[in-house]
$ cat protein21.cif   # mmCIF, C-alpha atoms
data_input
loop_
_atom_site.label_atom_id
_atom_site.label_comp_id
_atom_site.auth_asym_id
_atom_site.auth_seq_id
_atom_site.Cartn_x
_atom_site.Cartn_y
_atom_site.Cartn_z
CA MET A 28 42.88 76.28 -22.38
CA PRO A 29 41.68 74.58 -25.61
CA LEU A 30 44.29 72.79 -27.66
CA THR A 31 45.77 74.38 -30.78
CA PHE A 32 47.27 72.32 -33.61
CA HIS A 33 49.65 73.43 -36.33
CA TRP A 34 50.90 71.48 -39.32
CA PHE A 35 54.17 71.76 -41.30
CA LEU A 36 55.11 72.96 -44.79
CA PRO A 37 57.95 70.73 -46.08
CA THR A 38 59.95 73.33 -47.98
CA ASN A 39 62.81 70.81 -48.11
CA GLY A 40 60.69 68.42 -50.21
CA ASP A 41 58.24 65.68 -49.34
CA SER A 42 57.97 61.93 -49.84
CA ARG A 43 56.38 58.68 -48.73
CA HIS A 44 59.75 58.19 -47.04
CA VAL A 45 61.33 60.37 -44.37
CA VAL A 46 63.09 63.41 -45.80
CA GLY A 47 66.20 63.84 -43.70
CA GLY A 48 68.39 66.87 -43.20
CA GLY A 49 68.40 69.94 -41.01
CA HIS A 50 70.75 71.24 -38.33
CA GLY A 51 73.61 71.64 -40.73
CA THR A 52 72.94 68.45 -42.73
CA PRO A 53 71.48 68.51 -46.28
CA ALA A 54 68.05 67.20 -47.22
CA THR A 55 68.20 63.54 -48.27
CA ALA A 56 67.44 62.36 -51.80
CA SER A 57 63.85 61.50 -50.86
CA GLY A 58 63.14 65.24 -50.78
CA ARG A 59 63.10 65.17 -54.58
CA ASP A 60 60.08 62.83 -54.67
CA ARG A 61 57.68 65.75 -54.23
CA PRO A 62 59.51 69.04 -54.82
CA PRO A 63 58.42 71.96 -52.61
CA THR A 64 56.58 73.88 -55.31
CA VAL A 65 54.12 76.59 -54.39
CA ALA A 66 51.37 74.46 -55.93
CA TYR A 67 52.15 71.42 -53.77
CA LEU A 68 52.73 73.40 -50.58
CA SER A 69 49.44 75.19 -51.22
CA GLN A 70 47.72 71.80 -51.40
CA ILE A 71 49.05 70.99 -47.95
CA ALA A 72 48.09 74.43 -46.62
CA ARG A 73 44.53 74.15 -47.91
CA ALA A 74 44.16 70.65 -46.48
CA ALA A 75 45.47 71.79 -43.08
CA GLU A 76 43.12 74.77 -43.18
CA ASP A 77 40.09 72.63 -43.99
CA LEU A 78 40.93 70.06 -41.32
CA GLY A 79 41.17 72.69 -38.59
CA PHE A 80 44.87 73.26 -38.05
CA ALA A 81 45.48 76.81 -36.87
CA GLY A 82 48.80 77.36 -38.60
CA ALA A 83 51.72 75.78 -40.40
CA LEU A 84 55.40 75.92 -39.47
CA THR A 85 57.90 76.65 -42.24
CA PRO A 86 61.55 75.80 -41.44
CA THR A 87 64.68 77.81 -42.02
CA GLY A 88 68.22 76.91 -43.06
CA ALA A 89 70.38 75.98 -46.02
CA TRP A 90 68.50 72.68 -46.44
CA CYS A 91 65.17 74.24 -47.47
CA GLU A 92 63.52 77.08 -49.35
CA ASP A 93 63.36 80.53 -47.76
CA ALA A 94 60.47 80.66 -45.29
CA TRP A 95 59.47 84.33 -45.74
CA LEU A 96 59.20 84.17 -49.53
CA THR A 97 57.53 80.77 -49.62
CA THR A 98 54.84 81.55 -47.06
CA ALA A 99 54.11 84.92 -48.67
CA MET A 100 53.28 83.08 -51.89
CA VAL A 101 51.39 80.20 -50.26
CA SER A 102 49.33 82.63 -48.17
CA GLN A 103 47.71 83.88 -51.37
CA ASN A 104 46.30 80.38 -51.95
CA SER A 105 44.74 80.01 -48.49
CA GLU A 106 42.28 81.99 -46.43
CA ARG A 107 42.52 81.36 -42.67
CA LEU A 108 45.68 79.37 -42.03
CA LYS A 109 48.44 81.20 -40.18
CA PHE A 110 52.11 80.79 -41.05
CA LEU A 111 54.68 80.13 -38.35
CA VAL A 112 57.70 81.52 -40.18
CA ALA A 113 61.07 80.37 -38.86
CA PHE A 114 63.90 82.84 -39.27
CA ARG A 115 67.31 83.64 -37.81
CA PRO A 116 67.96 87.05 -36.26
CA GLY A 117 71.55 87.06 -37.51
CA SER A 118 70.41 87.10 -41.13
CA VAL A 119 68.36 90.32 -41.13
CA SER A 120 68.36 93.63 -39.27
CA PRO A 121 65.79 93.95 -36.47
CA THR A 122 64.20 97.04 -38.03
CA LEU A 123 63.79 95.32 -41.39
CA ALA A 124 62.42 92.18 -39.72
CA ALA A 125 59.88 94.26 -37.79
CA GLN A 126 58.88 95.98 -41.05
CA MET A 127 58.62 92.66 -42.92
CA ALA A 128 56.38 91.27 -40.20
CA SER A 129 54.19 94.35 -40.32
CA THR A 130 53.84 94.10 -44.09
CA PHE A 131 53.09 90.37 -43.90
CA GLN A 132 50.32 91.02 -41.38
CA ARG A 133 48.63 93.59 -43.59
CA GLN A 134 48.95 91.64 -46.82
CA SER A 135 47.86 88.31 -45.31
CA GLY A 136 45.07 89.55 -43.07
CA GLY A 137 46.99 89.06 -39.82
CA ARG A 138 48.19 85.50 -40.44
CA LEU A 139 51.84 85.69 -39.37
CA LEU A 140 53.43 83.93 -36.40
CA LEU A 141 57.20 84.08 -35.85
CA ASN A 142 59.47 81.21 -34.87
CA VAL A 143 62.76 82.81 -33.83
CA VAL A 144 65.67 80.41 -34.40
CA THR A 145 69.00 81.48 -32.96
CA GLY A 146 70.95 78.81 -34.86
CA GLY A 147 72.85 75.99 -33.17
CA GLU A 148 75.39 75.19 -35.88
CA SER A 149 78.36 77.56 -36.16
CA HIS A 150 79.54 76.05 -39.45
CA GLU A 151 76.15 76.75 -41.05
CA GLN A 152 75.97 80.24 -39.52
CA ARG A 153 79.37 81.08 -40.99
CA ALA A 154 78.07 80.18 -44.44
CA TYR A 155 75.61 83.07 -43.97
CA GLY A 156 78.34 85.43 -42.79
CA ASP A 157 77.61 85.03 -39.06
CA PHE A 158 80.76 84.36 -37.02
CA LEU A 159 79.43 84.73 -33.46
CA ASP A 160 79.64 81.76 -31.13
CA LYS A 161 76.51 80.14 -29.71
CA ASP A 162 76.21 82.14 -26.47
CA ALA A 163 76.85 85.39 -28.33
CA ARG A 164 74.15 84.49 -30.83
CA TYR A 165 71.65 84.15 -27.99
CA ARG A 166 72.69 87.52 -26.55
CA ARG A 167 72.20 89.05 -29.99
CA THR A 168 68.77 87.41 -30.23
CA GLY A 169 67.79 89.09 -26.97
CA GLU A 170 68.87 92.49 -28.31
CA PHE A 171 67.06 91.76 -31.57
CA LEU A 172 63.75 90.91 -29.90
CA HIS A 173 64.05 93.91 -27.57
CA ILE A 174 64.26 96.21 -30.61
CA VAL A 175 61.54 94.44 -32.58
CA ARG A 176 59.04 94.44 -29.73
CA GLN A 177 59.57 98.15 -29.06
CA LEU A 178 59.09 98.92 -32.75
CA TRP A 179 55.86 96.92 -32.81
CA GLU A 180 54.61 99.06 -29.93
CA GLY A 181 55.05 102.12 -32.12
CA GLY A 182 58.01 103.61 -30.34
CA SER A 183 61.22 105.13 -31.63
CA VAL A 184 64.17 102.93 -30.70
CA ASP A 185 67.77 103.80 -29.94
CA LEU A 186 69.92 100.90 -28.82
CA HIS A 187 73.68 100.58 -28.65
CA GLY A 188 74.01 96.96 -27.65
CA LYS A 189 76.98 94.68 -27.73
CA HIS A 190 75.89 93.11 -31.02
CA LEU A 191 73.20 95.38 -32.47
CA GLN A 192 72.90 99.14 -32.83
CA VAL A 193 70.00 101.21 -34.13
CA GLU A 194 69.31 104.94 -33.95
CA GLY A 195 65.94 106.56 -34.52
CA ALA A 196 64.38 103.27 -35.63
CA LYS A 197 60.61 103.53 -36.12
CA LEU A 198 57.90 101.85 -38.18
CA SER A 199 55.56 103.95 -40.29
CA ARG A 200 52.84 101.33 -39.65
CA VAL A 201 52.83 98.86 -36.79
CA PRO A 202 51.50 95.32 -37.30
CA ASP A 203 47.92 94.60 -36.34
CA PRO A 204 47.76 92.20 -34.65
CA VAL A 205 51.29 92.01 -33.32
CA PRO A 206 52.71 88.58 -34.33
CA GLU A 207 53.23 86.11 -31.54
CA VAL A 208 56.81 84.98 -30.99
CA TYR A 209 57.55 81.26 -30.71
CA PHE A 210 60.95 80.34 -29.34
CA GLY A 211 62.74 77.14 -28.37
CA GLY A 212 66.06 76.15 -26.84
CA SER A 213 67.37 73.93 -24.08
CA SER A 214 70.51 75.80 -22.98
CA PRO A 215 70.61 78.31 -20.09
CA ALA A 216 71.13 81.16 -22.57
CA ALA A 217 68.05 80.07 -24.54
CA GLY A 218 65.91 79.88 -21.42
CA GLU A 219 66.70 83.47 -20.48
CA VAL A 220 65.73 84.77 -23.94
CA ALA A 221 62.52 82.75 -23.93
CA ALA A 222 61.55 83.98 -20.46
CA ARG A 223 61.95 87.64 -21.43
CA TYR A 224 60.62 87.77 -24.99
CA ALA A 225 58.67 84.69 -26.11
CA ASP A 226 54.91 84.26 -26.16
CA VAL A 227 55.13 80.50 -26.72
CA TYR A 228 58.02 78.28 -25.64
CA LEU A 229 58.49 75.32 -28.00
CA THR A 230 60.16 72.04 -27.10
CA TRP A 231 60.93 69.07 -29.29
CA GLY A 232 59.09 65.85 -28.52
CA GLU A 233 60.91 64.44 -25.55
CA PRO A 234 59.26 61.97 -23.13
CA PRO A 235 56.71 63.60 -20.80
CA ALA A 236 58.97 63.60 -17.74
CA GLN A 237 61.64 65.59 -19.59
CA VAL A 238 59.06 67.96 -21.05
CA ALA A 239 57.67 68.58 -17.56
CA GLU A 240 61.15 69.56 -16.36
CA LYS A 241 61.48 72.07 -19.19
CA ILE A 242 58.09 73.61 -18.49
CA THR A 243 58.93 74.02 -14.80
CA TRP A 244 62.28 75.59 -15.71
CA ILE A 245 60.85 78.13 -18.18
CA ARG A 246 57.87 79.00 -15.97
CA LYS A 247 60.23 79.86 -13.13
CA LEU A 248 62.45 82.01 -15.37
CA ALA A 249 59.46 83.81 -16.86
CA ALA A 250 57.98 84.47 -13.41
CA GLU A 251 61.22 86.19 -12.41
CA HIS A 252 60.50 88.69 -15.20
CA GLY A 253 56.83 89.02 -14.26
CA ARG A 254 55.71 87.11 -17.34
CA THR A 255 53.73 83.97 -18.19
CA LEU A 256 54.18 81.93 -21.36
CA ARG A 257 52.25 79.30 -23.25
CA PHE A 258 53.93 76.02 -24.16
CA GLY A 259 54.05 74.03 -27.36
CA ILE A 260 55.66 70.82 -28.61
CA ARG A 261 57.05 69.83 -32.01
CA LEU A 262 56.35 66.23 -33.06
CA HIS A 263 55.75 64.02 -36.08
CA ALA A 264 52.64 61.83 -36.18
CA ILE A 265 51.80 58.38 -37.53
CA THR A 266 48.20 57.66 -36.60
CA ARG A 267 45.94 54.97 -38.08
CA ASP A 268 42.67 53.19 -37.37
CA THR A 269 44.54 50.53 -35.40
CA SER A 270 47.80 50.45 -33.49
CA GLU A 271 49.05 47.60 -35.68
CA GLN A 272 48.59 49.68 -38.83
CA ALA A 273 50.41 52.65 -37.32
CA TRP A 274 53.42 50.62 -36.18
CA ALA A 275 53.54 48.84 -39.54
CA GLU A 276 53.91 52.27 -41.15
CA ALA A 277 56.68 53.20 -38.71
CA ASP A 278 58.44 49.92 -39.55
CA ARG A 279 58.08 50.68 -43.28
CA LEU A 280 59.70 54.07 -42.82
CA LEU A 281 62.50 52.55 -40.73
CA ALA A 282 63.16 49.88 -43.37
CA GLY A 283 63.74 52.69 -45.87
CA PHE A 284 66.63 54.17 -43.88
CA ASP A 285 69.80 53.37 -45.79
CA PRO A 286 72.55 52.49 -43.26
CA GLU A 287 75.07 54.77 -44.98
CA THR A 288 72.60 57.68 -44.87
CA VAL A 289 72.00 57.08 -41.16
CA ARG A 290 75.75 57.08 -40.50
CA ALA A 291 76.29 60.26 -42.52
CA VAL A 292 73.41 62.12 -40.87
CA GLN A 293 74.41 61.02 -37.36
CA THR A 294 78.01 62.08 -38.00
CA GLY A 295 76.80 65.49 -39.15
CA LEU A 296 74.43 65.94 -36.24
CA ALA A 297 77.12 64.96 -33.75
CA ARG A 298 78.82 68.27 -34.61
CA SER A 299 75.78 70.20 -33.48
CA GLU A 300 76.21 72.78 -30.73
CA SER A 301 72.48 72.65 -29.99
CA GLU A 302 71.60 71.30 -26.55
CA GLY A 303 68.18 70.35 -27.90
CA GLN A 304 69.77 68.36 -30.74
CA ARG A 305 72.05 66.62 -28.26
CA ARG A 306 68.98 65.59 -26.27
CA MET A 307 67.31 64.30 -29.44
CA LEU A 308 70.35 62.18 -30.32
CA ALA A 309 70.44 60.74 -26.81
CA LEU A 310 66.92 59.35 -27.25
CA HIS A 311 68.03 56.78 -29.86
CA GLY A 312 71.83 56.74 -29.60
CA GLY A 313 72.09 56.01 -33.32
CA SER A 314 70.55 52.56 -32.85
CA ARG A 315 67.53 51.04 -34.59
CA GLU A 316 66.65 49.13 -31.42
CA GLY A 317 64.46 50.34 -28.56
CA LEU A 318 63.03 53.27 -30.47
CA GLU A 319 59.72 53.39 -28.56
CA ILE A 320 61.06 55.57 -25.74
CA HIS A 321 57.66 56.13 -24.09
CA PRO A 322 54.30 54.56 -24.92
CA ASN A 323 53.47 55.64 -28.51
CA LEU A 324 56.54 57.92 -28.72
CA TRP A 325 58.97 56.74 -31.42
CA ALA A 326 62.49 58.15 -31.86
CA GLY A 327 63.09 56.65 -35.31
CA ILE A 328 62.73 59.87 -37.30
CA GLY A 329 65.80 61.29 -35.57
CA LEU A 330 68.03 58.67 -37.18
CA VAL A 331 67.94 60.57 -40.47
CA ARG A 332 66.55 64.00 -39.60
CA GLY A 333 67.92 66.85 -37.54
CA GLY A 334 65.72 68.82 -35.19
CA ALA A 335 62.40 67.22 -34.30
CA GLY A 336 63.14 63.50 -34.28
CA THR A 337 60.23 61.84 -32.50
CA ALA A 338 56.75 60.80 -33.61
CA LEU A 339 53.49 59.93 -31.94
CA VAL A 340 52.66 56.43 -33.26
CA GLY A 341 49.48 54.49 -32.61
CA SER A 342 45.77 54.24 -33.15
CA HIS A 343 43.76 57.45 -33.22
CA ASP A 344 42.63 56.75 -29.65
CA GLU A 345 46.18 56.09 -28.44
CA VAL A 346 47.57 59.22 -30.06
CA ALA A 347 44.72 61.27 -28.58
CA GLU A 348 45.65 59.91 -25.15
CA ARG A 349 49.28 60.94 -25.63
CA VAL A 350 48.16 64.41 -26.66
CA LYS A 351 46.13 64.60 -23.46
CA GLU A 352 49.14 63.42 -21.45
CA TYR A 353 51.26 66.29 -22.75
CA HIS A 354 48.37 68.70 -22.32
CA ALA A 355 48.13 67.75 -18.64
CA LEU A 356 51.74 68.89 -18.24
CA GLY A 357 50.93 72.34 -19.65
CA ILE A 358 51.35 71.87 -23.42
CA ASP A 359 48.60 73.75 -25.26
CA GLU A 360 50.00 73.89 -28.80
CA PHE A 361 51.14 71.00 -30.99
CA VAL A 362 53.23 71.54 -34.13
CA LEU A 363 52.95 68.34 -36.12
CA SER A 364 54.14 66.79 -39.36
CA GLY A 365 54.25 63.43 -41.14
CA TYR A 366 55.38 61.76 -44.33
CA PRO A 367 53.91 62.55 -46.75
CA HIS A 368 52.57 65.76 -45.27
CA LEU A 369 49.44 65.90 -47.40
CA GLU A 370 48.19 62.43 -46.53
CA GLU A 371 49.29 62.50 -42.90
CA ALA A 372 47.42 65.77 -42.34
CA TYR A 373 44.23 63.88 -43.21
CA TRP A 374 45.06 60.89 -41.03
CA PHE A 375 45.53 63.13 -37.99
CA GLY A 376 42.85 65.68 -38.88
CA GLU A 377 40.14 63.10 -39.53
CA GLY A 378 41.30 60.55 -36.98
CA VAL A 379 42.56 62.31 -33.86
CA LEU A 380 41.05 65.80 -33.90
CA PRO A 381 37.40 64.59 -33.84
CA ARG A 382 38.16 62.48 -30.79
CA LEU A 383 39.61 65.48 -28.96
CA ALA A 384 36.67 67.61 -30.07
CA ALA A 385 34.21 65.07 -28.67
CA GLN A 386 35.93 65.48 -25.28
CA GLY A 387 35.73 69.27 -25.43
CA LEU A 388 39.50 69.72 -25.81
CA TRP A 389 39.55 71.12 -29.34
CA ALA A 390 37.21 72.95 -31.72
CA HIS A 391 37.55 73.63 -35.42
CA PRO A 392 38.62 77.29 -35.92
CA ASP A 393 35.99 77.83 -38.62
CA ALA A 394 32.42 78.45 -37.51
CA GLY A 395 30.45 75.33 -38.32
CA GLY A 396 33.64 73.36 -38.90
CA ARG A 397 33.74 69.62 -38.46
CA THR A 398 34.40 68.89 -34.79
CA ALA A 399 32.86 65.67 -33.64
CA THR A 400 32.63 63.07 -36.38
CA THR A 401 35.29 60.61 -37.40
CA ALA A 402 35.69 60.43 -41.18
CA GLN A 403 37.38 57.75 -43.20
CA VAL A 404 40.74 58.89 -44.50
CA PRO A 405 40.72 58.75 -48.32
CA PHE A 406 44.37 57.69 -48.64
CA ALA A 407 46.06 54.35 -48.38
CA SER A 408 49.18 54.06 -46.30
#
$ encode --input "protein21.cif" --output "structure tokens"
Amino acid sequence: MPLTFHWFLPTNGDSRHVVGGGHGTPATASGRDRPPTVAYLSQIARAAEDLGFAGALTPTGAWCEDAWLTTAMVSQNSERLKFLVAFRPGSVSPTLAAQMASTFQRQSGGRLLLNVVTGGESHEQRAYGDFLDKDARYRRTGEFLHIVRQLWEGGSVDLHGKHLQVEGAKLSRVPDPVPEVYFGGSSPAAGEVAARYADVYLTWGEPPAQVAEKITWIRKLAAEHGRTLRFGIRLHAITRDTSEQAWAEADRLLAGFDPETVRAVQTGLARSESEGQRRMLALHGGSREGLEIHPNLWAGIGLVRGGAGTALVGSHDEVAERVKEYHALGIDEFVLSGYPHLEEAYWFGEGVLPRLAAQGLWAHPDAGGRTATTAQVPFAS
């Protein structure tokens, strides 16, 4: 299967430094360097679209702007790019969410993808009025997706579940196409929901051996339900013409991590109930030493940022090889980001993607798009 690449819309702000936050911790001060205005996010979206990224992930949580509203506005300033909208089932009714998705599809020309986030931080969930514990939240997510998928099929839904109840729920217009559901999670409860309802299982950027274990686990669970899934991975990227230039940029970012900020973020993330976040923290242990945890895989981002905390770092050729290594395991979709997001989209899009295209692993989504030439990136690091 050809590779698919998505970029990221930094609705928590952008900078030439890492913008920390997420998983119950606030965005760091660097997020004010480039505020997440519609104009700036639209610049990133148009760049990603031109470079050949298929979509762009927009996060959810108290640390960033609302994903639904932001992507609805940015979609009007782009043409092809899809929007992988992250949202939490506990914040909206399943019937309304199904209706919102249907409306988004019609108004955007079918450019919605959904990243369902159950929520791993009880203290943050309570701020939104959600007082279920983690396992109960996953059970509710299963009920939620059961209702939503039946509504998208055009049926009338009656469900009296443990957490959700609907009677006579029906959409006047179903979405066309039906949005694909992206879902991640490392706990047993998460795996069961993914196996039954997801189209794409997403993992954060762990070393290949750990990713392979996850893929095997989810494939087995999905097969028990008579289903097959695609697999994706969420990573940052620092790619340059030479390996030395890329690692110099990683060192520059690391030098900008204030020790007090690192301590505060790590203390906040240590409260996380997310198994995936626990696995991210274990990759660096809060230390600035030994951050290259696999060739060209750097865990430094996770010192100040919750969620995805690893980056592919190296020359364009080295990063392309790491992409191929993950692809050989079964990863077909890559959700990437970098600081700043506008410039890093060009570094990856003009440095790595042409190399993969030349090997027949990727093609620009636009007919006649650039697929096999390496261009000089017009930005200085």
$ resolve_selection --input "protein21.cif" --expression "the PyMOL selection byres ((chain A and resi 273) around 10)" --output "PyMOL selection string"
chain A and resi 264-272+274-279+323+339-343+408
$ resolve_selection --input "protein21.cif" --expression "the PyMOL selection byres ((chain A and resi 213) around 6)" --output "PyMOL selection string"
chain A and resi 212+214+302-303
$ write_last_selection --input "protein21.cif" --atoms "C-alpha atoms" --output "PDB file, in the frame of the given file"
ATOM      1  CA  GLY A 212      66.060  76.150 -26.840  1.00  0.00           C
ATOM      2  CA  SER A 214      70.510  75.800 -22.980  1.00  0.00           C
ATOM      3  CA  GLU A 302      71.600  71.300 -26.550  1.00  0.00           C
ATOM      4  CA  GLY A 303      68.180  70.350 -27.900  1.00  0.00           C
TER       5      GLY A 303
END
$ resolve_selection --input "protein21.cif" --expression "the PyMOL selection byres ((chain A and resi 307) around 9)" --output "ChimeraX atom specification"
/A:231-233,302-306,308-312,326,329,333-337
$ atom_distance --input "protein21.cif" --atom1 "atom CA of A:Ala282" --atom2 "atom CA of A:Pro86"
26.0 Å
$ atom_distance --input "protein21.cif" --atom1 "atom CA of A:Gly51" --atom2 "atom CA of A:Ile328"
16.4 Å
$ closest_residue --input "protein21.cif" --among "A:Thr288, A:Thr55, A:Gln237, A:Gln126" --to "A:Arg176" --atoms "all atoms listed in the file"
A:Gln126
$ closest_residue --input "protein21.cif" --among "A:His33, A:Pro286, A:Phe171, A:Glu345" --to "A:Leu78" --atoms "only C-alpha atoms"
A:His33
